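Structure below is coords-v9.pdb: PDB, C-alpha atoms.
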ATOM      1  CA  MET C  30      52.136   5.095  15.812
ATOM      2  CA  LYS C  31      50.008   8.070  16.856
ATOM      3  CA  GLN C  32      52.669  10.412  15.493
ATOM      4  CA  ASN C  33      52.566   8.683  12.113
ATOM      5  CA  LEU C  34      48.771   8.903  11.942
ATOM      6  CA  PHE C  35      48.882  12.572  12.918
ATOM      7  CA  PHE C  36      51.491  13.264  10.203
ATOM      8  CA  VAL C  37      49.379  11.459   7.570
ATOM      9  CA  PHE C  38      46.314  13.424   8.707
ATOM     10  CA  LEU C  39      48.175  16.751   8.372
ATOM     11  CA  LEU C  40      49.490  15.741   4.966
ATOM     12  CA  PHE C  41      45.957  14.854   3.821
ATOM     13  CA  ILE C  42      44.522  18.174   5.015
ATOM     14  CA  GLY C  43      47.391  20.115   3.460
ATOM     15  CA  SER C  44      46.966  18.469   0.074
ATOM     16  CA  ASN C  45      43.219  19.148   0.100
ATOM     17  CA  LEU C  46      43.759  22.801   0.928
ATOM     18  CA  TYR C  47      46.290  23.099  -1.877
ATOM     19  CA  ALA C  48      43.863  21.485  -4.332
ATOM     20  CA  GLN C  49      41.192  24.129  -3.764
ATOM     21  CA  LYS C  50      40.901  26.405  -6.755
ATOM     22  CA  SER C  51      40.970  30.171  -6.582
ATOM     23  CA  GLY C  52      40.097  32.835  -9.075
ATOM     24  CA  ILE C  53      39.013  32.360 -12.664
ATOM     25  CA  GLU C  54      39.915  29.168 -14.492
ATOM     26  CA  PHE C  55      38.927  27.653 -17.836
ATOM     27  CA  PHE C  56      38.607  23.866 -18.145
ATOM     28  CA  PHE C  57      38.136  21.559 -21.114
ATOM     29  CA  VAL C  58      35.027  19.381 -20.879
ATOM     30  CA  LYS C  59      35.607  15.633 -21.084
ATOM     31  CA  ASN C  60      33.250  13.640 -23.314
ATOM     32  CA  TYR C  61      30.919  16.428 -24.427
ATOM     33  CA  ILE C  62      27.276  15.319 -24.579
ATOM     34  CA  ASN C  63      24.597  17.596 -26.012
ATOM     35  CA  SER C  64      21.824  18.004 -23.432
ATOM     36  CA  ASN C  65      19.110  19.624 -25.572
ATOM     37  CA  SER C  66      18.006  18.607 -29.060
ATOM     38  CA  ASP C  67      16.862  22.188 -29.787
ATOM     39  CA  CYS C  68      20.285  23.599 -28.935
ATOM     40  CA  LYS C  69      23.348  22.497 -30.885
ATOM     41  CA  TYR C  70      25.903  23.654 -28.276
ATOM     42  CA  CYS C  71      24.099  23.093 -24.957
ATOM     43  CA  PHE C  72      25.452  20.824 -22.268
ATOM     44  CA  ASP C  73      24.529  20.351 -18.630
ATOM     45  CA  LEU C  74      26.915  22.517 -16.647
ATOM     46  CA  GLN C  75      26.404  20.631 -13.395
ATOM     47  CA  THR C  76      27.097  17.164 -14.798
ATOM     48  CA  ALA C  77      29.853  18.201 -17.225
ATOM     49  CA  GLN C  78      33.066  16.386 -16.344
ATOM     50  CA  LEU C  79      36.093  18.667 -16.440
ATOM     51  CA  GLU C  80      39.699  17.830 -17.157
ATOM     52  CA  SER C  81      41.787  17.725 -13.978
ATOM     53  CA  ALA C  82      43.916  20.767 -14.840
ATOM     54  CA  PRO C  83      42.696  24.073 -16.273
ATOM     55  CA  ILE C  84      43.747  25.254 -19.719
ATOM     56  CA  LEU C  85      43.880  28.825 -18.338
ATOM     57  CA  ASN C  86      44.078  30.237 -14.825
ATOM     58  CA  GLU C  87      44.637  33.588 -13.093
ATOM     59  CA  GLU C  88      48.326  33.626 -14.029
ATOM     60  CA  ASP C  89      47.341  33.623 -17.711
ATOM     61  CA  ILE C  90      44.936  36.570 -17.488
ATOM     62  CA  LYS C  91      46.364  40.070 -17.730
ATOM     63  CA  ASN C  92      42.977  41.806 -17.724
ATOM     64  CA  PHE C  93      39.255  41.051 -17.937
ATOM     65  CA  ASN C  94      37.187  43.963 -19.239
ATOM     66  CA  TRP C  95      33.745  43.314 -17.801
ATOM     67  CA  LYS C  96      31.807  45.802 -19.927
ATOM     68  CA  ASN C  97      33.248  44.477 -23.202
ATOM     69  CA  GLN C  98      33.454  40.872 -21.951
ATOM     70  CA  GLN C  99      37.016  40.667 -23.227
ATOM     71  CA  ILE C 100      39.967  38.865 -21.704
ATOM     72  CA  ILE C 101      43.530  39.954 -22.381
ATOM     73  CA  LEU C 102      45.997  37.120 -21.928
ATOM     74  CA  THR C 103      49.563  37.307 -20.662
ATOM     75  CA  GLU C 104      52.312  36.040 -22.959
ATOM     76  CA  LYS C 105      52.241  32.769 -21.017
ATOM     77  CA  GLY C 106      48.490  32.529 -21.606
ATOM     78  CA  LYS C 107      48.833  33.247 -25.332
ATOM     79  CA  HIS C 108      51.534  30.599 -25.605
ATOM     80  CA  LYS C 109      49.087  27.923 -24.405
ATOM     81  CA  PHE C 110      47.182  28.307 -27.680
ATOM     82  CA  THR C 111      50.260  27.915 -29.902
ATOM     83  CA  ASP C 112      49.866  24.160 -30.355
ATOM     84  CA  LEU C 113      46.203  23.816 -29.409
ATOM     85  CA  LYS C 114      44.063  22.564 -32.272
ATOM     86  CA  ILE C 115      40.524  23.920 -31.993
ATOM     87  CA  PRO C 116      38.261  21.806 -34.226
ATOM     88  CA  LEU C 117      35.841  23.532 -36.617
ATOM     89  CA  PRO C 118      32.806  22.845 -34.380
ATOM     90  CA  GLY C 119      34.689  24.290 -31.377
ATOM     91  CA  LEU C 120      35.917  23.047 -27.998
ATOM     92  CA  PRO C 121      33.550  22.842 -25.002
ATOM     93  CA  ILE C 122      34.858  24.795 -22.002
ATOM     94  CA  VAL C 123      33.654  25.638 -18.494
ATOM     95  CA  LEU C 124      34.584  28.879 -16.749
ATOM     96  CA  THR C 125      34.955  28.455 -12.988
ATOM     97  CA  LEU C 126      35.337  30.953 -10.168
ATOM     98  CA  ASN C 127      37.011  29.746  -6.979
ATOM     99  CA  GLY C 128      36.364  26.140  -8.007
ATOM    100  CA  ARG C 129      32.667  26.635  -8.806
ATOM    101  CA  LYS C 130      31.248  26.226 -12.296
ATOM    102  CA  ILE C 131      29.883  29.577 -13.519
ATOM    103  CA  TYR C 132      28.980  28.955 -17.161
ATOM    104  CA  SER C 133      29.803  26.949 -20.245
ATOM    105  CA  LEU C 134      31.274  28.369 -23.413
ATOM    106  CA  TRP C 135      33.026  27.273 -26.574
ATOM    107  CA  PHE C 136      36.491  28.103 -27.823
ATOM    108  CA  TRP C 137      35.847  28.758 -31.503
ATOM    109  CA  ASN C 138      38.001  28.060 -34.545
ATOM    110  CA  VAL C 139      38.732  31.191 -36.621
ATOM    111  CA  PHE C 140      38.117  29.279 -39.863
ATOM    112  CA  SER C 141      34.810  27.755 -38.779
ATOM    113  CA  SER C 142      31.649  28.520 -40.713
ATOM    114  CA  PHE C 143      29.508  26.843 -38.047
ATOM    115  CA  GLY C 144      27.078  28.946 -36.038
ATOM    116  CA  CYS C 145      27.128  28.818 -32.238
ATOM    117  CA  ASP C 146      23.879  29.191 -30.312
ATOM    118  CA  ARG C 147      25.567  29.651 -26.926
ATOM    119  CA  VAL C 148      28.542  31.552 -25.456
ATOM    120  CA  TYR C 149      31.760  31.449 -27.486
ATOM    121  CA  ALA C 150      35.144  33.155 -27.809
ATOM    122  CA  TYR C 151      38.011  33.222 -30.278
ATOM    123  CA  PRO C 152      40.888  32.819 -27.792
ATOM    124  CA  THR C 153      43.523  33.122 -30.516
ATOM    125  CA  ILE C 154      42.184  36.441 -31.853
ATOM    126  CA  ASP C 155      40.628  38.815 -29.339
ATOM    127  CA  PHE C 156      39.150  36.568 -26.602
ATOM    128  CA  LYS C 157      35.940  38.577 -26.618
ATOM    129  CA  ILE C 158      33.280  36.435 -24.954
ATOM    130  CA  GLN C 159      30.076  36.640 -26.993
ATOM    131  CA  PHE C 160      26.601  35.092 -27.110
ATOM    132  CA  GLY C 161      25.207  33.666 -30.344
ATOM    133  CA  LEU C 162      27.013  33.453 -33.684
ATOM    134  CA  PRO C 163      25.696  35.107 -35.748
ATOM    135  CA  LYS C 164      24.212  37.597 -33.289
ATOM    136  CA  ASN C 165      20.565  36.599 -33.844
ATOM    137  CA  TYR C 166      21.339  32.877 -33.509
ATOM    138  CA  SER C 167      21.184  32.038 -29.808
ATOM    139  CA  PHE C 168      19.440  29.661 -27.450
ATOM    140  CA  GLY C 169      18.368  30.354 -23.867
ATOM    141  CA  THR C 170      19.473  33.189 -21.646
ATOM    142  CA  ASP C 171      22.886  34.805 -21.732
ATOM    143  CA  PRO C 172      24.862  33.516 -18.699
ATOM    144  CA  ARG C 173      27.880  35.826 -19.047
ATOM    145  CA  PHE C 174      26.744  38.496 -16.597
ATOM    146  CA  ASN C 175      26.820  36.387 -13.437
ATOM    147  CA  LYS C 176      26.723  38.612 -10.311
ATOM    148  CA  LYS C 177      29.457  36.760  -8.403
ATOM    149  CA  LEU C 178      31.721  36.778 -11.439
ATOM    150  CA  ARG C 179      31.073  40.496 -11.989
ATOM    151  CA  LYS C 180      31.923  41.345  -8.380
ATOM    152  CA  TYR C 181      35.154  39.373  -8.628
ATOM    153  CA  VAL C 182      36.221  40.744 -12.028
ATOM    154  CA  VAL C 183      35.478  44.386 -11.174
ATOM    155  CA  SER C 184      37.417  44.143  -7.894
ATOM    156  CA  LYS C 185      40.427  42.302  -9.362
ATOM    157  CA  TYR C 186      40.940  43.813 -12.806
ATOM    158  CA  LYS C 187      41.301  47.392 -13.951
ATOM    159  CA  GLN C 188      38.116  48.528 -15.645
TER
END

Output the file's structure in the form of structure tokens.
Amino acid sequence: MKQNLFFVFLLFIGSNLYAQKSGIEFFFVKNYINSNSDCKYCFDLQTAQLESAPILNEEDIKNFNWKNQQIILTEKGKHKFTDLKIPLPGLPIVLTLNGRKIYSLWFWNVFSSFGCDRVYAYPTIDFKIQFGLPKNYSFGTDPRFNKKLRKYVVSKYKQ
């Protein structure tokens, strides 16, 4: 009996260790709720519920140019957007680093005429992460230049 309990305990610990996230990941947000009436694309990062699996992870990122805030995807990463339908008002996303939420952003539709007052990217074009569309239309502070994220990106990817 003790052996069985010990085996179950080891299995539980092993599965929890495997579930820990590492590196950069992008997650869809479940049930987007606007958190600020003055900001069209704001949502509470801490309470945002994420899908269980990321849309993109480290294996999908070939390079992340910190200065230009541009991500270059691998072929596998690009393929993930082949069948993805991004609605005109965008898709809410959270960027995480080692399982921690860093900032929210929106995947934007190339045909959209909507403005975005927060962080956005066109993942099917150039995946340049930007703040405010058009440039003078933004709300709050720009969260893209997080110190922990910078340290990670500069050490992992060729600049």

For region 74-106 of chain C versus region 150-154 of chain C, which residues have an atom no more than 10 Å away, and what is each residue's nearest atom pair and distance in Å rounded to one decimal, using all atoms listed in the file, chain-then-number order, as a Markdown table?
| residue | atom | partner | partner_atom | distance |
| --- | --- | --- | --- | --- |
| C:Gln98 | CA | C:Ala150 | CA | 9.8 |
| C:Gln99 | CA | C:Ala150 | CA | 9.0 |
| C:Ile100 | CA | C:Pro152 | CA | 8.6 |
| C:Ile101 | CA | C:Pro152 | CA | 9.3 |
| C:Leu102 | CA | C:Pro152 | CA | 8.9 |
| C:Gly106 | CA | C:Pro152 | CA | 9.8 |

| task | Let me know the residues the PyMOL selection byres ((chain C and resi 55) around 10) catches in the file above, as a VMD selection string. | result | chain C and resid 53 to 54 56 to 58 79 to 80 82 to 87 122 to 126 130 133 to 134

| request: Can you work out which one of C:Phe72, C:Phe93, C:Tyr61, C:Phe174 has the shortest atom-to-atom distance to Asp146 (chain C), counting only C-alpha atoms? | output: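 Under the stated criterion, the closest residue is C:Phe72.
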
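Here the question is which of C:Lys180, C:Pro116, C:His108, C:Asp155 gets nearest to Phe143 (chain C) using all atoms listed in the file, and that residue is C:Pro116.
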
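For the atom pair formed by CA of Gly52 (chain C) and CA of Asn127 (chain C), the distance is 4.8 Å, given to one decimal.
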
Where atoms are absent from region 57-75 of chain C, fill them in so it carries N, CA and C atoms, then output it as a compact mmCIF listing (two decimals), in the coordinates of the input.
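See rebuild.txt below for the written result:
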# COMPACT_ATOMS: atom_id res chain seq x y z
N PHE C 57 38.71 22.35 -20.03
CA PHE C 57 38.14 21.56 -21.11
C PHE C 57 37.09 20.63 -20.51
N VAL C 58 36.05 20.34 -21.29
CA VAL C 58 35.03 19.38 -20.88
C VAL C 58 35.39 18.02 -21.47
N LYS C 59 35.36 17.01 -20.62
CA LYS C 59 35.61 15.63 -21.08
C LYS C 59 34.31 15.08 -21.66
N ASN C 60 34.39 14.38 -22.76
CA ASN C 60 33.25 13.64 -23.31
C ASN C 60 31.99 14.49 -23.43
N TYR C 61 32.07 15.54 -24.22
CA TYR C 61 30.92 16.43 -24.43
C TYR C 61 29.69 15.66 -24.87
N ILE C 62 28.56 15.91 -24.21
CA ILE C 62 27.28 15.32 -24.58
C ILE C 62 26.26 16.45 -24.67
N ASN C 63 25.63 16.58 -25.83
CA ASN C 63 24.60 17.60 -26.01
C ASN C 63 23.41 17.25 -25.11
N SER C 64 22.90 18.26 -24.39
CA SER C 64 21.82 18.00 -23.43
C SER C 64 20.46 18.50 -23.89
N ASN C 65 20.38 19.07 -25.11
CA ASN C 65 19.11 19.62 -25.57
C ASN C 65 19.06 19.53 -27.10
N SER C 66 18.09 18.81 -27.61
CA SER C 66 18.01 18.61 -29.06
C SER C 66 17.71 19.90 -29.82
N ASP C 67 17.15 20.90 -29.14
CA ASP C 67 16.86 22.19 -29.79
C ASP C 67 18.07 23.12 -29.80
N CYS C 68 19.10 22.74 -29.09
CA CYS C 68 20.28 23.60 -28.94
C CYS C 68 21.52 22.80 -29.32
N LYS C 69 22.18 23.23 -30.36
CA LYS C 69 23.35 22.50 -30.88
C LYS C 69 24.51 22.46 -29.89
N TYR C 70 24.72 23.55 -29.13
CA TYR C 70 25.90 23.65 -28.28
C TYR C 70 25.59 23.73 -26.79
N CYS C 71 24.46 23.14 -26.38
CA CYS C 71 24.10 23.09 -24.96
C CYS C 71 24.66 21.83 -24.31
N PHE C 72 25.15 21.99 -23.09
CA PHE C 72 25.45 20.82 -22.27
C PHE C 72 25.17 21.18 -20.82
N ASP C 73 24.89 20.16 -20.03
CA ASP C 73 24.53 20.35 -18.63
C ASP C 73 25.77 20.75 -17.84
N LEU C 74 25.76 21.97 -17.37
CA LEU C 74 26.92 22.52 -16.65
C LEU C 74 27.22 21.71 -15.39
N GLN C 75 26.19 21.32 -14.67
CA GLN C 75 26.40 20.63 -13.40
C GLN C 75 26.98 19.23 -13.56
